[in-house]
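Undergrad: Sharing structure-v4.pdb here; it has PDB, C-alpha atoms.
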ATOM      1  CA  MET J1420       0.000   0.000   0.000
ATOM      2  CA  SER J1421       2.720   2.498   0.914
ATOM      3  CA  PRO J1422       4.584   2.150  -2.443
ATOM      4  CA  ARG J1423       1.408   3.177  -4.256
ATOM      5  CA  ALA J1424       0.859   6.090  -1.890
ATOM      6  CA  ALA J1425       4.459   7.230  -2.347
ATOM      7  CA  CYS J1426       4.100   7.163  -6.141
ATOM      8  CA  ARG J1427       0.811   9.019  -5.889
ATOM      9  CA  LEU J1428       2.420  11.787  -3.831
ATOM     10  CA  GLU J1429       5.250  12.021  -6.313
ATOM     11  CA  ALA J1430       2.719  12.341  -9.140
ATOM     12  CA  LEU J1431       1.049  15.122  -7.166
ATOM     13  CA  GLY J1432       4.287  17.090  -7.295
ATOM     14  CA  PHE J1433       6.100  16.175  -4.072
ATOM     15  CA  ASP J1434       9.831  16.151  -4.839
ATOM     16  CA  GLU J1435      11.213  14.165  -1.907
ATOM     17  CA  VAL J1436       9.156  11.110  -0.998
ATOM     18  CA  TYR J1437      10.334   8.103   0.977
ATOM     19  CA  ASP J1438       8.658   4.777   1.666
ATOM     20  CA  TYR J1439       9.355   3.301   5.125
ATOM     21  CA  VAL J1440       8.865  -0.213   3.774
ATOM     22  CA  PRO J1441       8.885  -2.275   7.029
ATOM     23  CA  GLY J1442       6.089  -0.003   8.254
ATOM     24  CA  LYS J1443       4.226   0.338  11.513
ATOM     25  CA  VAL J1444       4.887  -3.242  12.592
ATOM     26  CA  ASP J1445       8.643  -2.579  12.475
ATOM     27  CA  TRP J1446       8.328   0.629  14.502
ATOM     28  CA  LEU J1447       6.137  -0.971  17.168
ATOM     29  CA  SER J1448       8.326  -4.047  17.501
ATOM     30  CA  ARG J1449      11.241  -1.759  18.389
ATOM     31  CA  GLY J1450       9.343  -0.512  21.432
ATOM     32  CA  LEU J1451       9.302   3.054  20.141
ATOM     33  CA  PRO J1452       6.728   5.641  21.243
ATOM     34  CA  ARG J1453       3.238   5.348  19.790
ATOM     35  CA  GLU J1454       0.029   7.353  19.737
ATOM     36  CA  GLY J1455      -3.635   6.362  19.467
ATOM     37  CA  ALA J1456      -6.408   4.610  21.379
ATOM     38  CA  LYS J1457      -4.346   1.452  21.926
ATOM     39  CA  ALA J1458      -1.132   3.251  22.750
ATOM     40  CA  THR J1459      -1.704   2.877  26.486
ATOM     41  CA  GLU J1460      -2.041  -0.927  26.365
ATOM     42  CA  ARG J1461       0.959  -2.454  28.122
ATOM     43  CA  ARG J1462       3.445  -4.276  25.944
ATOM     44  CA  ALA J1463       6.736  -6.000  26.606
ATOM     45  CA  GLY J1464       8.536  -2.780  25.700
ATOM     46  CA  ASP J1465       6.918  -1.025  28.645
ATOM     47  CA  ALA J1466       8.577  -3.404  31.144
ATOM     48  CA  ILE J1467      12.050  -3.562  29.623
ATOM     49  CA  LEU J1468      15.168  -3.393  31.762
ATOM     50  CA  HIS J1469      18.260  -2.257  29.911
ATOM     51  CA  GLU J1470      21.074  -2.922  32.366
ATOM     52  CA  VAL J1471      21.575  -6.598  31.516
ATOM     53  CA  VAL J1472      25.154  -7.914  31.429
ATOM     54  CA  THR J1473      26.529  -8.196  27.887
ATOM     55  CA  ALA J1474      29.695  -9.704  26.479
ATOM     56  CA  ARG J1475      31.529 -10.109  23.191
ATOM     57  CA  LEU J1476      32.372 -13.446  21.610
ATOM     58  CA  GLU J1477      36.049 -13.105  22.528
ATOM     59  CA  ASP J1478      35.549 -12.035  26.153
ATOM     60  CA  ARG J1479      37.064 -14.223  28.888
ATOM     61  CA  VAL J1480      34.566 -16.367  30.766
ATOM     62  CA  GLY J1481      36.185 -15.310  34.053
ATOM     63  CA  ASP J1482      35.535 -11.636  33.336
ATOM     64  CA  VAL J1483      31.925 -12.264  32.318
ATOM     65  CA  ARG J1484      31.329 -14.362  35.444
ATOM     66  CA  ALA J1485      32.437 -11.488  37.643
ATOM     67  CA  ASP J1486      30.005  -9.143  35.881
ATOM     68  CA  VAL J1487      27.127 -11.628  36.209
ATOM     69  CA  GLU J1488      27.811 -12.213  39.910
ATOM     70  CA  ALA J1489      27.629  -8.466  40.480
ATOM     71  CA  SER J1490      24.296  -8.192  38.628
ATOM     72  CA  PRO J1491      20.722  -9.130  39.565
ATOM     73  CA  TYR J1492      20.627 -11.595  36.667
ATOM     74  CA  GLY J1493      21.922 -15.115  36.387
ATOM     75  CA  PHE J1494      23.163 -14.774  32.827
ATOM     76  CA  ALA J1495      24.922 -12.591  30.285
ATOM     77  CA  LEU J1496      24.009 -11.964  26.664
ATOM     78  CA  VAL J1497      26.615 -12.206  23.929
ATOM     79  CA  LEU J1498      26.381  -9.498  21.270
ATOM     80  CA  SER J1499      28.066  -8.731  17.982
ATOM     81  CA  GLU J1500      29.838  -5.419  17.487
ATOM     82  CA  GLY J1501      26.597  -4.019  16.101
ATOM     83  CA  GLY J1502      24.580  -5.169  19.110
ATOM     84  CA  VAL J1503      22.978  -8.210  17.475
ATOM     85  CA  LEU J1504      22.155 -10.963  19.963
ATOM     86  CA  LEU J1505      24.307 -14.030  19.308
ATOM     87  CA  GLY J1506      23.967 -16.117  22.435
ATOM     88  CA  ARG J1507      23.357 -16.443  26.158
ATOM     89  CA  LEU J1508      25.773 -17.383  28.917
ATOM     90  CA  ARG J1509      23.978 -19.016  31.798
ATOM     91  CA  ARG J1510      25.657 -19.011  35.186
ATOM     92  CA  ALA J1511      26.380 -22.757  34.963
ATOM     93  CA  ALA J1512      28.259 -22.248  31.692
ATOM     94  CA  LEU J1513      30.459 -19.668  33.392
ATOM     95  CA  GLU J1514      31.731 -22.065  36.057
ATOM     96  CA  GLY J1515      34.394 -23.659  33.853
ATOM     97  CA  ASP J1516      37.822 -22.545  32.658
ATOM     98  CA  PRO J1517      37.945 -18.767  33.193
ATOM     99  CA  ASP J1518      40.295 -18.327  30.246
ATOM    100  CA  GLN J1519      37.871 -19.775  27.715
ATOM    101  CA  ALA J1520      36.185 -17.385  25.279
ATOM    102  CA  ALA J1521      32.508 -16.625  25.717
ATOM    103  CA  SER J1522      31.857 -18.067  22.267
ATOM    104  CA  ALA J1523      33.045 -21.501  23.435
ATOM    105  CA  VAL J1524      30.444 -21.893  26.164
ATOM    106  CA  MET J1525      27.505 -19.765  25.071
ATOM    107  CA  GLU J1526      24.087 -21.112  24.169
ATOM    108  CA  ALA J1527      23.598 -19.908  20.587
ATOM    109  CA  GLY J1528      20.392 -18.363  19.287
ATOM    110  CA  PRO J1529      18.329 -17.844  22.445
ATOM    111  CA  SER J1530      14.597 -17.286  22.013
ATOM    112  CA  THR J1531      13.496 -13.670  21.819
ATOM    113  CA  VAL J1532      10.332 -11.595  21.774
ATOM    114  CA  ARG J1533       9.468  -8.245  20.207
ATOM    115  CA  ALA J1534       8.753  -5.148  22.246
ATOM    116  CA  ASP J1535       5.169  -4.977  20.960
ATOM    117  CA  THR J1536       4.204  -8.360  22.445
ATOM    118  CA  PRO J1537       1.185  -7.795  24.724
ATOM    119  CA  ILE J1538       2.055  -8.155  28.410
ATOM    120  CA  ASP J1539      -0.624 -10.800  29.037
ATOM    121  CA  GLU J1540       0.611 -12.904  26.144
ATOM    122  CA  LEU J1541       4.210 -12.634  27.314
ATOM    123  CA  ARG J1542       3.336 -13.525  30.913
ATOM    124  CA  ALA J1543       1.426 -16.613  29.744
ATOM    125  CA  ARG J1544       4.326 -17.667  27.532
ATOM    126  CA  LEU J1545       6.859 -17.325  30.353
ATOM    127  CA  GLU J1546       4.633 -19.163  32.822
ATOM    128  CA  ALA J1547       3.981 -22.013  30.397
ATOM    129  CA  ARG J1548       7.718 -22.544  29.971
ATOM    130  CA  ASP J1549       8.590 -21.722  33.566
ATOM    131  CA  LEU J1550      10.957 -18.951  32.443
ATOM    132  CA  ARG J1551      11.865 -15.977  34.612
ATOM    133  CA  THR J1552      13.016 -13.621  31.860
ATOM    134  CA  ALA J1553      12.425 -12.870  28.202
ATOM    135  CA  VAL J1554      15.003 -11.300  25.919
ATOM    136  CA  VAL J1555      13.682  -8.486  23.737
ATOM    137  CA  THR J1556      15.264  -7.680  20.378
ATOM    138  CA  THR J1557      14.387  -5.555  17.379
ATOM    139  CA  PRO J1558      13.214  -7.369  14.220
ATOM    140  CA  ASP J1559      16.815  -7.296  12.969
ATOM    141  CA  GLY J1560      18.112  -8.958  16.121
ATOM    142  CA  VAL J1561      19.572  -6.010  18.005
ATOM    143  CA  LEU J1562      19.210  -6.355  21.772
ATOM    144  CA  VAL J1563      16.692  -3.992  23.370
ATOM    145  CA  GLY J1564      16.742  -5.411  26.904
ATOM    146  CA  VAL J1565      15.143  -8.058  29.080
ATOM    147  CA  VAL J1566      11.760  -8.391  30.762
ATOM    148  CA  ARG J1567      11.356 -10.196  34.097
ATOM    149  CA  ARG J1568       8.231 -12.261  34.727
ATOM    150  CA  GLN J1569       7.958 -10.790  38.202
ATOM    151  CA  ASP J1570       7.551  -7.316  36.657
ATOM    152  CA  LEU J1571       4.601  -8.268  34.435
TER     153      LEU J1571
ATOM    154  CA  MET X  22      12.073   9.036  -7.574
ATOM    155  CA  VAL X  23      10.608   7.385  -4.480
ATOM    156  CA  ARG X  24      13.226   5.842  -2.199
ATOM    157  CA  SER X  25      12.587   2.813  -0.001
ATOM    158  CA  ILE X  26      14.106   3.185   3.448
ATOM    159  CA  LEU X  27      14.636   1.189   6.626
ATOM    160  CA  TYR X  28      14.505   2.355  10.231
ATOM    161  CA  PRO X  29      17.983   3.960  10.487
ATOM    162  CA  GLU X  30      17.258   6.309   7.584
ATOM    163  CA  LEU X  31      13.756   6.981   8.870
ATOM    164  CA  ARG X  32      15.297   8.033  12.193
ATOM    165  CA  ARG X  33      17.641  10.433  10.417
ATOM    166  CA  LEU X  34      14.843  11.920   8.304
ATOM    167  CA  LEU X  35      12.603  12.434  11.331
ATOM    168  CA  ASP X  36      15.438  14.079  13.231
ATOM    169  CA  ASP X  37      15.790  16.429  10.255
ATOM    170  CA  GLY X  38      12.078  17.308  10.351
ATOM    171  CA  ALA X  39      10.506  15.022   7.715
ATOM    172  CA  GLN X  40       6.717  14.624   7.610
ATOM    173  CA  LEU X  41       5.282  11.198   8.446
ATOM    174  CA  VAL X  42       2.189   9.972   6.636
ATOM    175  CA  GLU X  43       0.230   6.842   7.532
ATOM    176  CA  VAL X  44      -1.744   5.678   4.492
ATOM    177  CA  LEU X  45      -3.846   3.056   6.287
ATOM    178  CA  PRO X  46      -7.610   3.533   6.839
ATOM    179  CA  PRO X  47      -8.652   5.974   9.600
ATOM    180  CA  GLU X  48      -9.739   3.186  11.984
ATOM    181  CA  GLU X  49      -6.264   1.668  11.983
ATOM    182  CA  TYR X  50      -4.652   5.071  12.386
ATOM    183  CA  ALA X  51      -6.941   5.810  15.327
ATOM    184  CA  GLU X  52      -5.908   2.613  17.081
ATOM    185  CA  GLU X  53      -2.198   3.236  16.859
ATOM    186  CA  HIS X  54       0.205   5.301  14.799
ATOM    187  CA  LEU X  55       3.694   6.724  14.864
ATOM    188  CA  PRO X  56       4.049   9.936  16.890
ATOM    189  CA  GLY X  57       3.181  13.003  14.859
ATOM    190  CA  ALA X  58       2.021  11.069  11.792
ATOM    191  CA  THR X  59      -0.685  12.503   9.537
ATOM    192  CA  ASN X  60      -3.362  10.131   8.257
ATOM    193  CA  LEU X  61      -3.856  10.276   4.495
ATOM    194  CA  PRO X  62      -5.539   6.988   3.526
ATOM    195  CA  LEU X  63      -4.461   5.717   0.128
ATOM    196  CA  LYS X  64      -8.051   5.638  -1.123
ATOM    197  CA  GLU X  65      -8.450   9.337  -0.327
ATOM    198  CA  LEU X  66      -5.053  10.518  -1.499
ATOM    199  CA  ASP X  67      -5.515  13.300  -4.050
ATOM    200  CA  ALA X  68      -4.493  16.903  -4.612
ATOM    201  CA  GLN X  69      -6.956  18.100  -1.990
ATOM    202  CA  SER X  70      -5.846  15.790   0.826
ATOM    203  CA  GLY X  71      -2.218  16.186  -0.244
ATOM    204  CA  ALA X  72      -2.550  19.895   0.368
ATOM    205  CA  ARG X  73      -2.364  19.102   4.094
ATOM    206  CA  LEU X  74       1.349  18.409   3.588
ATOM    207  CA  ASP X  75       4.217  20.836   3.152
ATOM    208  CA  ARG X  76       5.700  20.331  -0.331
ATOM    209  CA  ARG X  77       9.042  21.807   0.741
ATOM    210  CA  THR X  78       9.615  19.173   3.445
ATOM    211  CA  PRO X  79      10.501  15.507   2.787
ATOM    212  CA  VAL X  80       7.572  13.122   3.163
ATOM    213  CA  VAL X  81       7.836   9.579   4.546
ATOM    214  CA  VAL X  82       4.871   7.277   3.965
ATOM    215  CA  TYR X  83       4.219   3.985   5.714
ATOM    216  CA  CYS X  84       1.533   1.342   6.084
ATOM    217  CA  TRP X  85       1.383  -1.753   8.293
ATOM    218  CA  ASP X  86       4.270  -3.780   6.843
ATOM    219  CA  SER X  87       6.016  -4.595   3.600
ATOM    220  CA  LEU X  88       3.355  -7.033   2.360
TER     221      LEU X  88
END
Can the structure from this file be put into structure tokens for me?

TA:
Amino acid sequence: MSPRAACRLEALGFDEVYDYVPGKVDWLSRGLPREGAKATERRAGDAILHEVVTARLEDRVGDVRADVEASPYGFALVLSEGGVLLGRLRRAALEGDPDQAASAVMEAGPSTVRADTPIDELRARLEARDLRTAVVTTPDGVLVGVVRRQDL
Amino acid sequence: MVRSILYPELRRLLDDGAQLVEVLPPEEYAEEHLPGATNLPLKELDAQSGARLDRRTPVVVYCWDSL
């Protein structure tokens, strides 16, 4: 629909027209501000915590363990240079050789949710799987933060 | 020439003052839309409704998704 609207505006004499192709669904799934009658409905993005421990693939397990022990979480998230979520380091995985790289012990491809997931739906999903936290990413995999079940 | 953009370029355009236009029907716009967006439904898009926009400022249109 938006490509046709963009062409129509151009035909009407607008010189600089852009088409945000991924659209509203992309914006909302990033947890960005919204307006309208449903804008006050609580979504995962409204309960996000941003101070989760993160690590790079090459980081020493011993260093990551120290960060996790000093945090309220029992895990760290491994990110690429661009912030894309690559894996999760649970506390148990951090108990081994402290000189190993994070990449050697991480759990690759952890499950994620989008920031526009309704709170009720997210709570039910976490309860059904007996999970305490959900990891929130943008549609292109960039970490946004985590949501704790106890906060929902 | 219309240019297709992704979020990073949208962010830059909005920071520079671009106009946002949602082309979905009014009911969908009323439920939820991007902050500051104007609703110009595709079916009603003509010279008269287009006059609500500033021709000197870049315009970014969007709908629900890429489908």

Undergrad: Name all residues at most 10 Å from stretch 1454-1464 of chain J (count all atoms listed in the file; drop same-chain ones fewer than 6 positions away) and give them as a PyMOL selection string.

TA: (chain J and resi 1447-1448+1532-1542+1553-1556+1563-1567+1571) or (chain X and resi 49-58)

Undergrad: Which residues are close to stretch 67-82 of chain X, i.e. within 6 Å by only C-alpha atoms, leaving aside same-chain residues fewer than 2 positions away? Reply as a PyMOL selection string.

TA: (chain J and resi 1433+1435-1438) or (chain X and resi 39-43)

Undergrad: Near J:Gly1506, counting all atoms listed in the file, which residues have an atom at most 10 Å away, once you skip same-chain residues fewer than 3 positions from it, shown as a VMD selection string?

TA: chain J and resid 1473 to 1476 1495 to 1499 1503 1509 1521 to 1522 1524 to 1530

Undergrad: Which distance in Å separates atom CA of J:Ala1466 and atom CA of J:Asp1570, to one decimal?

TA: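 According to the coordinates, atom CA of J:Ala1466 and atom CA of J:Asp1570 are separated by 6.8 Å.
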
Undergrad: Between J:Ala1547, J:Cys1426, J:Ala1485, J:Val1440, which has the minimum distance to X:Asp86 (counting all atoms listed in the file)?

TA: J:Val1440

Undergrad: If the PyMOL selection byres ((chain J and resi 1479) around 7) were run on this exact file, what residues would it hold? Put them as a ChimeraX atom specification.

TA: /J:1477-1478,1480-1483,1517-1521

Undergrad: At a cut-off of 8 Å, using only C-alpha atoms, what residues contact X:Pro46? Leave out same-chain residues fewer than 2 positions from it and give the result as an MDAnalysis selection string.

TA: chainID X and resid 44 48:50 60 62:63

Undergrad: Grab the residues selected above and save them as an mmCIF file, keeping the file's coordinate frame with C-alpha atoms.

TA:
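Output below, filename selection.cif:
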data_model
loop_
_atom_site.group_PDB
_atom_site.id
_atom_site.type_symbol
_atom_site.label_atom_id
_atom_site.label_comp_id
_atom_site.auth_asym_id
_atom_site.auth_seq_id
_atom_site.Cartn_x
_atom_site.Cartn_y
_atom_site.Cartn_z
ATOM 1 C CA VAL X 44 -1.744 5.678 4.492
ATOM 2 C CA GLU X 48 -9.739 3.186 11.984
ATOM 3 C CA GLU X 49 -6.264 1.668 11.983
ATOM 4 C CA TYR X 50 -4.652 5.071 12.386
ATOM 5 C CA ASN X 60 -3.362 10.131 8.257
ATOM 6 C CA PRO X 62 -5.539 6.988 3.526
ATOM 7 C CA LEU X 63 -4.461 5.717 0.128
#

Undergrad: Go ahead and compute the interatomic distance for atom CA of X:Glu30 and atom CA of J:Pro1558, in Å to one decimal.

TA: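 So the two atoms, atom CA of X:Glu30 and atom CA of J:Pro1558, lie 15.7 Å apart.
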
Undergrad: Find the distance between atom CA of J:Gln1569 and atom CA of J:Val1444 and write it in Å to one decimal.

TA: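 If I compute the distance from atom CA of J:Gln1569 to atom CA of J:Val1444, I get 26.9 Å.
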
Undergrad: Measuring between only C-alpha atoms, which one of J:Glu1470, J:Gly1450, J:Arg1551, J:Leu1562 shows the shortest distance to J:Leu1504?

TA: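 Between J:Glu1470, J:Gly1450, J:Arg1551, J:Leu1562, the residue approaching J:Leu1504 most closely is J:Leu1562.
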
Undergrad: Return the padded bounding box of stretch 78-88 of chain X as JSON: axis-aligned, built from all atoms listed in the file, 8 Å added on each side, with centre and edge lengths in Å to one decimal.

TA:
{"center_x": 5.9, "center_y": 6.1, "center_z": 5.3, "size_x": 25.1, "size_y": 42.2, "size_z": 21.9}

Undergrad: Between X:Leu61, X:Asp37, X:Ser25, X:Arg32, which has the minimum distance to chain J (counting all atoms listed in the file)?

TA: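 The closest residue to chain J is X:Ser25.
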
Undergrad: Would you mind telling me which residue in J:Gly1493, J:Gly1442, J:Gly1432, J:Gly1502 lies nearest to chain X when using all atoms listed in the file?

TA: J:Gly1442

Undergrad: As a PyMOL selection string, please: the residues near J:Leu1550 (cut-off 9 Å, only C-alpha atoms, same-chain neighbours under 5 positions excluded).

TA: chain J and resi 1544-1545+1567-1568

Undergrad: Taking only N, CA and C atoms, show stretch 29-44 of chain X of the given structure as a compact mmCIF listing (two decimals), in the first residue's frame.

TA:
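Output (part-v1.txt):
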# COMPACT_ATOMS: atom_id res chain seq x y z
N PRO X 29 16.92 2.97 10.21
CA PRO X 29 17.98 3.96 10.49
C PRO X 29 17.83 5.25 9.67
N GLU X 30 17.43 5.10 8.39
CA GLU X 30 17.26 6.31 7.58
C GLU X 30 15.99 7.06 7.98
N LEU X 31 14.96 6.31 8.37
CA LEU X 31 13.76 6.98 8.87
C LEU X 31 14.11 7.85 10.07
N ARG X 32 14.90 7.29 10.98
CA ARG X 32 15.30 8.03 12.19
C ARG X 32 15.98 9.34 11.81
N ARG X 33 16.90 9.25 10.84
CA ARG X 33 17.64 10.43 10.42
C ARG X 33 16.69 11.47 9.81
N LEU X 34 15.78 11.00 8.95
CA LEU X 34 14.84 11.92 8.30
C LEU X 34 13.94 12.61 9.32
N LEU X 35 13.47 11.84 10.31
CA LEU X 35 12.60 12.43 11.33
C LEU X 35 13.38 13.46 12.16
N ASP X 36 14.62 13.13 12.47
CA ASP X 36 15.44 14.08 13.23
C ASP X 36 15.65 15.37 12.45
N ASP X 37 15.61 15.25 11.11
CA ASP X 37 15.79 16.43 10.25
C ASP X 37 14.46 17.11 9.93
N GLY X 38 13.35 16.61 10.51
CA GLY X 38 12.08 17.31 10.35
C GLY X 38 11.15 16.78 9.28
N ALA X 39 11.38 15.57 8.76
CA ALA X 39 10.51 15.02 7.71
C ALA X 39 9.07 14.84 8.23
N GLN X 40 8.13 14.84 7.28
CA GLN X 40 6.72 14.62 7.61
C GLN X 40 6.41 13.13 7.49
N LEU X 41 5.67 12.61 8.46
CA LEU X 41 5.28 11.20 8.45
C LEU X 41 3.82 11.09 8.01
N VAL X 42 3.56 10.15 7.11
CA VAL X 42 2.19 9.97 6.64
C VAL X 42 1.80 8.50 6.71
N GLU X 43 0.77 8.21 7.50
CA GLU X 43 0.23 6.84 7.53
C GLU X 43 -0.88 6.77 6.49
N VAL X 44 -0.79 5.77 5.59
CA VAL X 44 -1.74 5.68 4.49
C VAL X 44 -2.79 4.59 4.72
